[in-house]
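Shown below: entry-v2.cif, with mmCIF, C-alpha atoms.
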data_entry
loop_
_atom_site.label_atom_id
_atom_site.label_comp_id
_atom_site.auth_asym_id
_atom_site.auth_seq_id
_atom_site.Cartn_x
_atom_site.Cartn_y
_atom_site.Cartn_z
CA MET A 15 -88.53 -42.91 -42.00
CA ARG A 16 -90.33 -39.65 -42.50
CA ILE A 17 -92.91 -40.82 -39.95
CA MET A 18 -90.11 -41.52 -37.46
CA ARG A 19 -88.83 -38.01 -37.92
CA TRP A 20 -92.29 -36.60 -37.29
CA LEU A 21 -92.68 -38.76 -34.21
CA ILE A 22 -89.39 -37.47 -32.84
CA VAL A 23 -90.44 -33.89 -33.49
CA LEU A 24 -93.82 -34.52 -31.88
CA GLY A 25 -92.11 -36.13 -28.89
CA LEU A 26 -89.82 -33.16 -28.49
CA VAL A 27 -92.75 -30.76 -28.69
CA ALA A 28 -94.66 -32.78 -26.12
CA ALA A 29 -91.62 -32.91 -23.82
CA GLY A 30 -91.15 -29.19 -24.28
CA GLY A 31 -94.81 -28.56 -23.53
CA LEU A 32 -94.60 -30.70 -20.42
CA TYR A 33 -91.45 -28.90 -19.39
CA VAL A 34 -93.19 -25.56 -19.71
CA MET A 35 -96.29 -26.82 -17.87
CA ALA A 36 -94.17 -28.26 -15.08
CA ARG A 37 -92.17 -25.10 -14.48
CA PRO A 38 -92.56 -23.44 -11.09
CA LYS A 39 -95.50 -21.04 -11.07
CA PRO A 40 -94.86 -18.27 -8.57
CA LEU A 41 -97.48 -15.73 -7.58
CA SER A 42 -97.51 -12.29 -9.11
CA ALA A 43 -96.29 -9.53 -6.83
CA ALA A 44 -99.80 -8.09 -6.91
CA ALA A 45 -101.09 -11.06 -4.89
CA VAL A 46 -99.63 -9.65 -1.68
CA ALA A 47 -98.99 -6.02 -2.64
CA ASP A 48 -101.63 -4.35 -0.48
CA LEU A 49 -101.46 -6.61 2.56
CA THR A 50 -100.33 -5.56 6.02
CA GLY A 51 -99.69 -8.37 8.46
CA ASP A 52 -101.05 -8.58 12.01
CA PRO A 53 -98.50 -10.51 14.11
CA VAL A 54 -101.03 -11.22 16.89
CA HIS A 55 -103.39 -13.03 14.54
CA GLY A 56 -100.32 -14.41 12.78
CA GLU A 57 -99.45 -16.35 15.92
CA GLN A 58 -102.83 -18.11 15.70
CA VAL A 59 -102.12 -18.97 12.07
CA PHE A 60 -98.65 -20.18 13.08
CA TRP A 61 -100.00 -22.67 15.64
CA ALA A 62 -102.94 -23.74 13.51
CA ALA A 63 -100.58 -24.46 10.60
CA GLY A 64 -98.25 -26.42 12.87
CA CYS A 65 -95.06 -24.72 11.59
CA ALA A 66 -93.09 -25.28 14.80
CA SER A 67 -93.94 -28.97 15.11
CA CYS A 68 -91.71 -29.73 12.14
CA HIS A 69 -89.30 -26.78 12.02
CA MET A 70 -88.27 -26.58 15.70
CA ALA A 71 -85.32 -28.67 16.87
CA ASP A 72 -86.15 -32.27 17.70
CA LYS A 73 -88.00 -32.57 21.05
CA ALA A 74 -87.90 -28.81 21.68
CA GLU A 75 -90.19 -27.66 24.47
CA GLY A 76 -91.50 -24.33 25.77
CA ALA A 77 -89.88 -21.22 24.33
CA ALA A 78 -87.42 -23.38 22.36
CA GLN A 79 -90.36 -24.33 20.11
CA LEU A 80 -90.17 -20.82 18.67
CA VAL A 81 -86.57 -21.33 17.54
CA LEU A 82 -87.22 -22.68 14.04
CA SER A 83 -83.72 -24.03 13.48
CA GLY A 84 -84.88 -27.17 11.62
CA GLY A 85 -83.13 -30.52 11.64
CA GLN A 86 -86.00 -32.90 12.39
CA ARG A 87 -85.94 -35.96 10.13
CA PHE A 88 -89.04 -37.21 8.28
CA PRO A 89 -88.58 -40.62 6.66
CA SER A 90 -90.83 -41.49 3.71
CA ASP A 91 -91.06 -43.90 0.80
CA PHE A 92 -89.03 -41.42 -1.26
CA GLY A 93 -86.19 -40.86 1.18
CA THR A 94 -85.67 -38.81 4.32
CA PHE A 95 -86.68 -35.16 4.38
CA ILE A 96 -84.88 -32.93 6.86
CA ALA A 97 -86.78 -29.83 7.93
CA PRO A 98 -84.80 -26.70 7.01
CA ASN A 99 -84.00 -23.73 9.21
CA ILE A 100 -86.83 -21.19 8.80
CA SER A 101 -85.70 -18.92 11.61
CA GLN A 102 -85.02 -15.24 10.96
CA ASP A 103 -81.31 -15.83 10.38
CA PRO A 104 -80.58 -14.00 7.09
CA GLU A 105 -78.04 -16.56 5.92
CA HIS A 106 -79.23 -19.94 7.22
CA GLY A 107 -82.89 -19.14 7.78
CA ILE A 108 -85.46 -17.02 5.93
CA GLY A 109 -84.63 -13.65 7.50
CA ASN A 110 -84.16 -12.12 4.05
CA TRP A 111 -87.43 -13.40 2.61
CA THR A 112 -90.12 -10.98 1.53
CA LEU A 113 -93.81 -11.64 2.13
CA LEU A 114 -94.02 -12.68 -1.52
CA ASP A 115 -91.20 -15.19 -0.95
CA LEU A 116 -93.06 -16.75 1.98
CA ALA A 117 -96.35 -16.81 0.07
CA ASN A 118 -94.66 -18.53 -2.88
CA ALA A 119 -93.01 -21.11 -0.65
CA ILE A 120 -96.02 -22.12 1.38
CA THR A 121 -98.85 -21.70 -1.12
CA ARG A 122 -97.04 -22.54 -4.38
CA GLY A 123 -94.12 -24.70 -3.25
CA VAL A 124 -91.60 -22.42 -4.97
CA ASN A 125 -88.50 -21.04 -3.24
CA PRO A 126 -87.04 -17.56 -3.85
CA GLU A 127 -84.59 -19.08 -6.37
CA GLY A 128 -87.61 -20.19 -8.39
CA GLU A 129 -87.13 -23.90 -7.70
CA HIS A 130 -89.81 -26.41 -6.71
CA LEU A 131 -89.98 -27.30 -3.03
CA TYR A 132 -90.76 -30.83 -1.90
CA PRO A 133 -94.35 -31.41 -0.76
CA ALA A 134 -93.06 -32.57 2.64
CA LEU A 135 -93.77 -28.88 3.17
CA PRO A 136 -97.56 -29.26 2.96
CA TYR A 137 -98.15 -26.58 0.34
CA ALA A 138 -100.79 -28.82 -1.23
CA SER A 139 -102.82 -27.84 1.86
CA TYR A 140 -101.44 -24.34 2.44
CA ALA A 141 -102.34 -23.53 -1.18
CA LYS A 142 -105.87 -22.93 0.16
CA MET A 143 -104.67 -20.34 2.70
CA GLN A 144 -106.10 -16.85 2.60
CA MET A 145 -103.38 -14.36 1.61
CA GLN A 146 -104.22 -12.19 4.62
CA ASP A 147 -103.38 -15.17 6.86
CA VAL A 148 -100.06 -15.58 5.02
CA ALA A 149 -99.32 -11.89 5.62
CA ASP A 150 -100.22 -12.24 9.32
CA LEU A 151 -98.03 -15.33 9.59
CA TYR A 152 -95.16 -13.44 7.94
CA ALA A 153 -95.54 -10.64 10.48
CA PHE A 154 -95.46 -13.15 13.35
CA LEU A 155 -92.42 -15.03 11.97
CA LYS A 156 -90.60 -11.67 11.91
CA THR A 157 -90.95 -11.52 15.72
CA LEU A 158 -89.18 -14.88 16.21
CA PRO A 159 -85.46 -15.35 16.91
CA ALA A 160 -82.68 -16.02 14.38
CA ASP A 161 -80.70 -19.23 14.68
CA PRO A 162 -77.46 -19.91 12.75
CA THR A 163 -77.85 -23.70 12.40
CA PRO A 164 -77.26 -24.58 8.72
CA SER A 165 -80.04 -26.52 6.95
CA GLN A 166 -79.19 -30.09 6.01
CA PRO A 167 -79.83 -31.43 2.49
CA HIS A 168 -82.64 -33.98 2.12
CA GLU A 169 -81.51 -37.59 1.74
CA LEU A 170 -83.31 -38.66 -1.43
CA GLY A 171 -82.46 -41.21 -4.10
CA PHE A 172 -82.85 -40.88 -7.88
CA PRO A 173 -85.23 -39.73 -9.37
CA PHE A 174 -86.77 -38.08 -6.32
CA ASN A 175 -83.69 -35.90 -5.88
CA LEU A 176 -84.59 -34.07 -9.12
CA ARG A 177 -86.65 -31.05 -8.15
CA GLU A 178 -87.76 -30.59 -11.78
CA SER A 179 -89.88 -33.74 -11.48
CA LEU A 180 -91.98 -32.04 -8.82
CA GLY A 181 -93.61 -29.90 -11.50
CA LEU A 182 -95.36 -33.00 -12.83
CA TRP A 183 -96.35 -34.00 -9.30
CA LYS A 184 -97.90 -30.58 -8.83
CA LEU A 185 -99.77 -30.83 -12.16
CA MET A 186 -101.24 -34.13 -11.05
CA PHE A 187 -102.03 -33.50 -7.40
CA LEU A 188 -102.40 -29.82 -6.60
CA THR A 189 -106.01 -28.72 -6.52
CA ASP A 190 -107.93 -25.62 -5.60
CA SER A 191 -111.04 -27.53 -4.57
CA TRP A 192 -111.90 -28.58 -1.04
CA ALA A 193 -111.85 -32.27 -0.20
CA LEU A 194 -115.25 -31.71 1.40
CA PRO A 195 -116.82 -29.46 -1.23
CA GLY A 196 -120.03 -27.51 -1.17
CA ASN A 197 -121.74 -25.11 1.17
CA LEU A 198 -121.29 -25.92 4.84
CA THR A 199 -122.57 -24.17 7.96
CA PRO A 200 -120.43 -21.15 8.91
CA THR A 201 -118.90 -23.18 11.76
CA ALA A 202 -118.06 -26.17 9.55
CA THR A 203 -116.72 -23.80 6.89
CA ARG A 204 -114.29 -22.40 9.44
CA GLY A 205 -113.46 -25.97 10.49
CA ARG A 206 -112.81 -26.93 6.88
CA TYR A 207 -110.40 -24.02 6.48
CA ILE A 208 -108.52 -24.98 9.65
CA ALA A 209 -108.47 -28.73 8.94
CA GLU A 210 -107.82 -28.69 5.18
CA ALA A 211 -105.77 -25.52 4.66
CA LEU A 212 -103.94 -24.76 7.91
CA ALA A 213 -103.68 -27.86 10.10
CA HIS A 214 -103.21 -30.05 6.99
CA CYS A 215 -104.88 -33.07 8.67
CA GLY A 216 -105.20 -34.86 5.32
CA GLU A 217 -101.45 -34.98 4.79
CA CYS A 218 -101.15 -37.80 7.34
CA HIS A 219 -104.71 -39.11 7.80
CA THR A 220 -105.45 -39.62 4.06
CA PRO A 221 -103.84 -42.50 2.18
CA ARG A 222 -101.53 -41.71 -0.76
CA ASN A 223 -101.13 -43.35 -4.15
CA LEU A 224 -97.81 -44.71 -5.44
CA LEU A 225 -96.69 -41.26 -6.54
CA GLY A 226 -97.46 -39.67 -3.21
CA GLY A 227 -100.70 -37.95 -4.24
CA LEU A 228 -103.58 -37.96 -1.76
CA ASP A 229 -106.42 -40.39 -2.45
CA THR A 230 -109.17 -37.85 -1.89
CA ALA A 231 -111.86 -40.52 -2.32
CA ARG A 232 -110.68 -41.85 1.03
CA TRP A 233 -110.26 -38.44 2.65
CA LEU A 234 -109.11 -38.78 6.29
CA GLY A 235 -109.73 -42.52 6.00
CA GLY A 236 -106.47 -43.52 7.67
CA ALA A 237 -103.08 -44.32 6.16
CA PRO A 238 -99.81 -46.10 6.86
CA ASN A 239 -97.42 -44.05 8.94
CA PRO A 240 -94.77 -42.69 6.53
CA SER A 241 -92.14 -43.45 9.17
CA GLY A 242 -92.99 -47.10 8.50
CA ASP A 243 -94.23 -47.72 12.02
CA GLY A 244 -97.90 -48.43 12.62
CA LYS A 245 -100.93 -46.77 11.10
CA ILE A 246 -102.44 -43.31 11.25
CA PRO A 247 -106.11 -43.72 12.14
CA ASN A 248 -109.26 -43.25 10.13
CA ILE A 249 -110.91 -40.15 11.63
CA THR A 250 -114.07 -40.14 9.50
CA PRO A 251 -117.43 -40.82 11.18
CA GLY A 252 -117.26 -44.30 9.63
CA LYS A 253 -114.61 -45.28 12.14
CA LEU A 254 -114.25 -42.58 14.76
CA LYS A 255 -117.46 -42.70 16.79
CA TRP A 256 -116.69 -39.60 18.82
CA SER A 257 -119.15 -36.80 19.61
CA ALA A 258 -118.31 -33.18 18.92
CA ALA A 259 -117.64 -32.76 22.65
CA ASP A 260 -115.25 -35.74 22.54
CA ILE A 261 -113.32 -34.22 19.62
CA VAL A 262 -113.13 -30.81 21.30
CA GLN A 263 -111.91 -32.42 24.52
CA TYR A 264 -109.28 -34.40 22.61
CA LEU A 265 -108.01 -31.34 20.75
CA THR A 266 -107.92 -29.37 24.03
CA THR A 267 -106.52 -31.90 26.51
CA GLY A 268 -105.29 -34.87 24.48
CA PHE A 269 -107.73 -37.21 26.24
CA THR A 270 -109.66 -39.73 24.15
CA PRO A 271 -113.21 -40.61 25.28
CA GLU A 272 -111.63 -43.58 27.12
CA PHE A 273 -109.16 -41.18 28.78
CA ASP A 274 -106.18 -42.62 27.08
CA SER A 275 -103.86 -39.76 26.23
CA VAL A 276 -102.53 -38.57 22.90
CA GLY A 277 -98.96 -39.50 22.02
CA GLY A 278 -96.51 -39.45 19.14
CA HIS A 279 -96.65 -36.72 16.50
CA MET A 280 -100.37 -36.15 17.16
CA ALA A 281 -99.40 -34.81 20.60
CA HIS A 282 -97.82 -31.86 18.75
CA VAL A 283 -101.06 -31.30 16.87
CA VAL A 284 -103.06 -31.28 20.10
CA GLU A 285 -100.60 -28.81 21.66
CA ASN A 286 -101.13 -26.56 18.64
CA MET A 287 -104.91 -26.92 18.56
CA ALA A 288 -105.11 -26.25 22.30
CA ARG A 289 -103.64 -22.79 21.66
CA LEU A 290 -106.53 -21.81 19.36
CA PRO A 291 -109.80 -20.33 20.55
CA GLU A 292 -112.35 -22.93 21.73
CA THR A 293 -114.59 -21.91 18.81
CA ASP A 294 -111.92 -23.12 16.36
CA ARG A 295 -111.77 -26.56 17.97
CA GLN A 296 -115.56 -26.73 17.86
CA ALA A 297 -115.37 -25.79 14.18
CA VAL A 298 -112.93 -28.61 13.47
CA ALA A 299 -115.21 -31.02 15.33
CA GLU A 300 -118.24 -29.97 13.29
CA TYR A 301 -116.20 -30.32 10.08
CA LEU A 302 -114.94 -33.81 11.00
CA LEU A 303 -118.48 -34.99 11.68
CA ALA A 304 -119.49 -33.75 8.19
CA VAL A 305 -116.73 -35.64 6.34
CA PRO A 306 -118.02 -38.66 4.35
CA SER A 307 -117.56 -41.95 6.15
CA VAL A 308 -114.73 -44.20 5.06
CA GLU A 309 -115.16 -47.77 6.24
CA MET B 19 -73.46 -87.74 17.87
CA ARG B 20 -76.48 -88.59 19.95
CA PHE B 21 -74.75 -86.95 22.91
CA MET B 22 -74.11 -83.80 20.88
CA LEU B 23 -77.76 -83.70 19.88
CA MET B 24 -78.84 -84.09 23.48
CA VAL B 25 -76.53 -81.26 24.51
CA ALA B 26 -77.88 -79.07 21.72
CA ALA B 27 -81.46 -79.88 22.65
CA ALA B 28 -80.78 -79.24 26.34
CA SER B 29 -79.15 -75.88 25.65
CA ALA B 30 -82.04 -74.94 23.37
CA VAL B 31 -84.46 -75.72 26.17
CA CYS B 32 -82.34 -73.71 28.63
CA ALA B 33 -82.23 -70.77 26.21
CA THR B 34 -86.00 -70.90 25.74
CA VAL B 35 -86.55 -71.00 29.49
CA ALA B 36 -84.12 -68.11 29.91
CA ILE B 37 -86.05 -65.99 27.38
CA ALA B 38 -89.34 -66.91 29.00
CA GLU B 39 -87.99 -66.02 32.44
CA GLU B 40 -86.66 -62.77 31.06
CA GLU B 41 -90.13 -61.95 29.73
CA ASP B 42 -91.76 -63.02 32.97
CA HIS B 43 -89.30 -60.85 34.77
CA PHE B 44 -90.71 -57.79 32.95
CA ALA B 45 -94.33 -58.96 32.97
CA ASP B 46 -94.95 -57.68 36.50
CA ALA B 47 -93.48 -54.27 35.73
CA VAL B 48 -95.43 -53.91 32.47
CA GLU B 49 -98.64 -55.08 34.12
CA THR B 50 -98.10 -52.74 37.06
CA ARG B 51 -97.58 -49.64 34.96
CA HIS B 52 -100.48 -50.49 32.67
CA GLY B 53 -102.65 -50.97 35.75
CA LEU B 54 -101.60 -47.61 37.11
CA MET B 55 -102.40 -45.95 33.76
CA LEU B 56 -105.80 -47.67 33.57
CA GLN B 57 -106.68 -46.51 37.07
CA MET B 58 -105.53 -43.04 36.05
CA ALA B 59 -107.92 -43.22 33.06
CA THR B 60 -110.76 -44.32 35.35
CA GLU B 61 -110.22 -41.34 37.65
CA MET B 62 -109.86 -38.98 34.68
CA GLY B 63 -113.13 -40.39 33.36
CA LYS B 64 -114.97 -39.11 36.44
CA VAL B 65 -113.73 -35.53 36.11
CA GLY B 66 -113.77 -35.74 32.31
CA ALA B 67 -117.49 -36.55 32.25
CA MET B 68 -118.08 -33.40 34.32
CA SER B 69 -115.88 -31.32 32.03
CA LYS B 70 -117.89 -32.48 29.01
CA ASP B 71 -121.19 -31.77 30.84
CA GLU B 72 -122.07 -35.45 30.66
CA ALA B 73 -122.24 -35.72 34.46
CA PRO B 74 -123.28 -33.09 37.02
CA TYR B 75 -120.45 -31.35 38.81
CA ASP B 76 -119.89 -32.83 42.25
CA ALA B 77 -117.06 -31.20 44.19
CA ALA B 78 -116.55 -34.18 46.49
CA VAL B 79 -116.37 -36.73 43.65
CA ALA B 80 -114.11 -34.44 41.59
CA SER B 81 -111.80 -33.83 44.55
CA LYS B 82 -111.50 -37.51 45.33
CA ALA B 83 -110.79 -38.42 41.70
CA ALA B 84 -108.17 -35.68 41.43
CA ALA B 85 -106.60 -36.81 44.72
CA ASN B 86 -106.38 -40.34 43.34
CA ILE B 87 -104.75 -39.02 40.16
CA ALA B 88 -102.15 -37.25 42.30
CA ALA B 89 -101.64 -40.40 44.34
CA ILE B 90 -101.10 -42.55 41.24
CA ALA B 91 -98.71 -39.96 39.81
CA SER B 92 -96.69 -40.06 43.03
CA VAL B 93 -96.20 -43.82 42.63
CA LEU B 94 -94.66 -43.54 39.15
CA SER B 95 -90.91 -44.09 39.17
CA MET B 96 -88.25 -46.21 37.51
CA ASP B 97 -89.55 -49.07 39.69
CA GLN B 98 -92.21 -49.75 37.06
CA PHE B 99 -89.70 -49.17 34.24
CA PRO B 100 -86.83 -51.63 34.73
CA ALA B 101 -84.16 -51.27 32.04
CA GLY B 102 -84.99 -53.42 29.03
CA SER B 103 -88.76 -53.58 29.61
CA GLU B 104 -89.22 -51.85 26.28
CA TYR B 105 -91.26 -52.00 23.09
CA GLN B 106 -90.51 -55.15 21.06
CA LYS B 107 -88.41 -56.60 23.88
CA ALA B 108 -90.99 -57.06 26.63
CA THR B 109 -94.48 -58.44 25.96
CA ASP B 110 -97.18 -55.74 25.64
CA SER B 111 -94.67 -52.97 26.27
CA PHE B 112 -95.00 -49.69 24.38
CA ALA B 113 -92.22 -48.02 26.37
CA LEU B 114 -89.63 -46.53 24.03
CA PRO B 115 -85.88 -47.01 24.71
CA ALA B 116 -85.47 -43.24 25.12
CA ILE B 117 -86.93 -43.67 28.63
CA TRP B 118 -83.59 -45.14 29.66
CA THR B 119 -81.27 -43.17 27.39
CA ALA B 120 -82.88 -39.90 28.51
CA GLN B 121 -83.88 -41.00 32.00
CA ASP B 122 -83.41 -37.56 33.59
CA ASP B 123 -85.87 -36.03 31.17
CA PHE B 124 -88.30 -38.91 31.63
CA LEU B 125 -88.22 -38.42 35.40
CA LYS B 126 -88.58 -34.67 34.97
CA LYS B 127 -91.79 -35.31 33.05
CA VAL B 128 -92.99 -37.57 35.87
CA ALA B 129 -92.22 -34.72 38.31
CA ASP B 130 -94.09 -32.30 36.01
CA LEU B 131 -97.07 -34.66 36.11
CA ASN B 132 -97.02 -34.57 39.91
CA THR B 133 -96.98 -30.76 39.83
CA ALA B 134 -99.83 -30.70 37.30
CA ALA B 135 -101.81 -33.19 39.39
CA ALA B 136 -101.46 -31.01 42.51
CA THR B 137 -102.65 -27.97 40.55
CA PHE B 138 -105.53 -29.95 39.12
CA GLN B 139 -106.53 -31.22 42.57
CA THR B 140 -107.16 -27.63 43.68
CA ALA B 141 -109.00 -26.77 40.46
CA ALA B 142 -111.22 -29.87 40.49
CA GLY B 143 -112.50 -29.14 43.99
CA THR B 144 -113.15 -25.44 43.36
CA ASP B 145 -115.94 -25.35 40.77
CA LEU B 146 -116.87 -26.62 37.33
CA ASP B 147 -115.24 -23.76 35.44
CA SER B 148 -111.95 -24.31 37.26
CA LEU B 149 -112.16 -28.03 36.61
CA LYS B 150 -112.75 -27.45 32.89
CA ALA B 151 -109.89 -24.96 32.72
CA GLY B 152 -107.60 -27.42 34.52
CA MET B 153 -108.14 -30.33 32.14
CA ALA B 154 -105.64 -29.11 29.55
CA GLY B 155 -102.90 -28.84 32.17
CA ILE B 156 -103.21 -32.41 33.37
CA GLY B 157 -103.75 -33.69 29.82
CA GLY B 158 -100.68 -31.81 28.65
CA ALA B 159 -98.59 -33.49 31.34
CA CYS B 160 -99.80 -36.93 30.19
CA ALA B 161 -99.12 -36.11 26.54
CA ALA B 162 -95.68 -34.63 27.23
CA CYS B 163 -94.49 -38.09 28.21
CA HIS B 164 -96.51 -40.09 25.69
CA LYS B 165 -95.30 -37.83 22.88
CA VAL B 166 -91.70 -38.98 23.15
CA TYR B 167 -91.66 -42.08 25.35
CA ARG B 168 -94.59 -44.19 24.15
CA GLN B 169 -94.78 -46.08 20.87
CA PRO B 170 -98.12 -45.13 19.24
CA GLU B 171 -100.48 -48.08 18.98
CA GLU B 172 -101.75 -49.20 15.60
#
Could you write out this file's structure as structure tokens?
Amino acid sequence: MRIMRWLIVLGLVAAGGLYVMARPKPLSAAAVADLTGDPVHGEQVFWAAGCASCHMADKAEGAAQLVLSGGQRFPSDFGTFIAPNISQDPEHGIGNWTLLDLANAITRGVNPEGEHLYPALPYASYAKMQMQDVADLYAFLKTLPADPTPSQPHELGFPFNLRESLGLWKLMFLTDSWALPGNLTPTATRGRYIAEALAHCGECHTPRNLLGGLDTARWLGGAPNPSGDGKIPNITPGKLKWSAADIVQYLTTGFTPEFDSVGGHMAHVVENMARLPETDRQAVAEYLLAVPSVE
Amino acid sequence: MRFMLMVAAASAVCATVAIAEEEDHFADAVETRHGLMLQMATEMGKVGAMSKDEAPYDAAVASKAAANIAAIASVLSMDQFPAGSEYQKATDSFALPAIWTAQDDFLKKVADLNTAAATFQTAAGTDLDSLKAGMAGIGGACAACHKVYRQPEE
């Protein structure tokens, strides 16, 4: 009986410890205190990070891609995520956010109310962003229009609708280390930053475990499409036998080496990559060729 | 009873034939559009090899390929996309139903492709730098349609 009591106490302590460990961990204000954003470079960060592809209205084209009114639906094993309005509208968008708020959201997955955000926002990748890039992005977002479309709640079942549980997910799956670690050439290092931190290639091209964590041992090795339709390809050298020139051409024009053309969600990625300097696409190509082969 | 069975069997056969005929009905359209796309890829391959510096720039070859691309683009219409010849309804089709529910937009993207092909025809015959710079425009026109109207392959 006394042992039972001790076990209960121990359990409560453990639960309490877990609760504390799983709490949202925002940045300190000092992290962004001295930064001044450059909106011109911020636009490059914006396209490289693919913000518009998910946060613009469904099928938006041209200038409408800069109206980040949200509403696109992203089905997954855990329910359907609906991209929120991140336009400059102070009420329905993020017009009132400070730079620190944005940095917390995209690099820590914590909203200004101090709650966990769902990793459908790829903060597991953006966590590796340089703070200067976040500041530049913030400055660019400030130049974009406000839109009054209200954000829709995600459609998630129990227990995935409990944001508290995301703290444990973060403990298990957030990492500071690169998927392709070690010293790379300067070009491949730039490519790694674009591919792993900004363009978040791994979020779709790497398979996930049952809890939705990335299986980094099979980095970029292909995965089921979360929409349930088809498969997202293996883009490691084990499967993708493309030259650097082939990869650059694909990311610039959407043409595969067989001159088929890109389609589906990847067409958004190519549109984004095509807006970057040629050197950035070459950097991504060099990085992809350095990734370990997955058969 | 035997009569009923015969009737049932006969209607089953009729139904099967009807489905087969329905599929055959779309087979020509699906084969035609796939053929057009494959020829498009062949022509793109000629200019694409030059853009990747895998083949020497030849203004005459590039011009002819780009002219063929424009010609193929001009053929594209709803003729190759009869209603119902869609993914999971017609054999080998990857055409998404939105082609018919948003037909005006689909045809606008075909028109955009024709515009892009005309621009590319000029660029391809000018010099290698112009050809290279023009690739993204024609590729973007292909992707604009495939982004929303083609089911991605496995």
**Request:** Name the closest residue to A:Leu151 among the candidates A:Gly123, A:Gly242, A:Pro53, A:Pro195; distances are taken between atoms, counting only C-alpha atoms.
**Result:**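 Ranking A:Gly123, A:Gly242, A:Pro53, A:Pro195 by distance to A:Leu151, first place goes to A:Pro53.
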Quick one: axis-aligned box around all listed atoms of stretch 134-144 of chain A, 8 Å on every side, centre and edge lengths in Å to one decimal, written as lines of an AutoDock Vina configuration file.
center_x = -99.6
center_y = -24.7
center_z = 1.0
size_x = 29.0
size_y = 31.7
size_z = 20.4
**Request:** Kindly resolve the PyMOL selection byres ((chain A) within 9 of (chain B)) on the present coordinates and return the residues as JSON, numbers by chain.
**Result:** {"A": [73, 243, 244, 245, 246, 247, 259, 260, 263, 266, 267, 268, 269, 271, 272, 273, 274, 275, 276, 277, 278, 279, 280, 281, 282, 284, 285, 288]}
**Item:** Matched chain/residue IDs from the PyMOL selection byres ((chain B and resi 89-95) around 12), as JSON, numbers by chain
**Value:** {"B": [47, 50, 51, 52, 53, 54, 55, 56, 57, 58, 59, 60, 61, 62, 82, 83, 84, 85, 86, 87, 88, 96, 97, 98, 99, 100, 117, 121, 122, 124, 125, 126, 127, 128, 129, 130, 131, 132, 133, 134, 135, 136, 139, 156, 159, 160]}
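Proximity to A:Leu116 at 10 Å, evaluated using all atoms listed in the file and with sequence-adjacent residues fewer than 3 positions away removed, yields Ile108, Trp111, Thr112, Leu113, Ala119, Ile120, Thr121, Arg122, Gly123, Val124, Asn125, Pro126, Val148, Ala149, Leu151 and Tyr152 of chain A.
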**Request:** Name the residues that the PyMOL selection byres ((chain B and resi 105-107) around 12) picks from the file above, as JSON, numbers by chain, using the file's chain letters and numbers.
**Result:** {"B": [37, 38, 40, 41, 42, 43, 44, 45, 48, 99, 101, 102, 103, 104, 108, 109, 110, 111, 112, 113, 114, 115, 116, 117, 167, 168, 169, 170, 171]}
**atom CA of A:Gln296 to atom CA of A:Glu217, distance in Å rounded to a single decimal** =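 Interatomic distance here is 20.9 Å.
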**Asked** What does the distance from atom CA of A:Ser165 to atom CA of A:Ala138 come to in Å, to one decimal?
**Response** 22.4 Å
**Prompt:** Quick one, how far is atom CA of A:Trp61 from atom CA of A:Cys215?
**Reply:**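 That distance, rounded to one decimal, is 13.4 Å.
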**Item:** Distance criterion (all atoms listed in the file): nearest to B:Asp123 out of A:Ser83, A:Glu75, A:Met145, A:Pro104
**Value:**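 Between A:Ser83, A:Glu75, A:Met145, A:Pro104, the residue approaching B:Asp123 most closely is A:Glu75.
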**Request:** May I have the residues within 8 Å of stretch 35-45 of chain A as JSON, numbers by chain, using all atoms listed in the file and disregarding those fewer than 4 positions away in the same chain?
**Result:** {"A": [31, 114, 117, 118, 122, 124, 128, 129, 130, 145, 178, 179, 180, 181, 182, 184, 185]}
**Request:** Would you please work out which residue, of A:Arg289, A:Arg16, A:Lys156, A:His214, is nearest to A:Asp52 when using all atoms listed in the file?
**Result:**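 The closest residue to A:Asp52 is A:Lys156.
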**Request:** Compile the contact shell of A:Pro200 as a list in words: residues with an atom at most 9 Å away, counting only C-alpha atoms, same-chain residues fewer than 4 positions apart removed.
**Result:**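 My reading of the contact set: Arg204, Gly205 and Ala297 of chain A.
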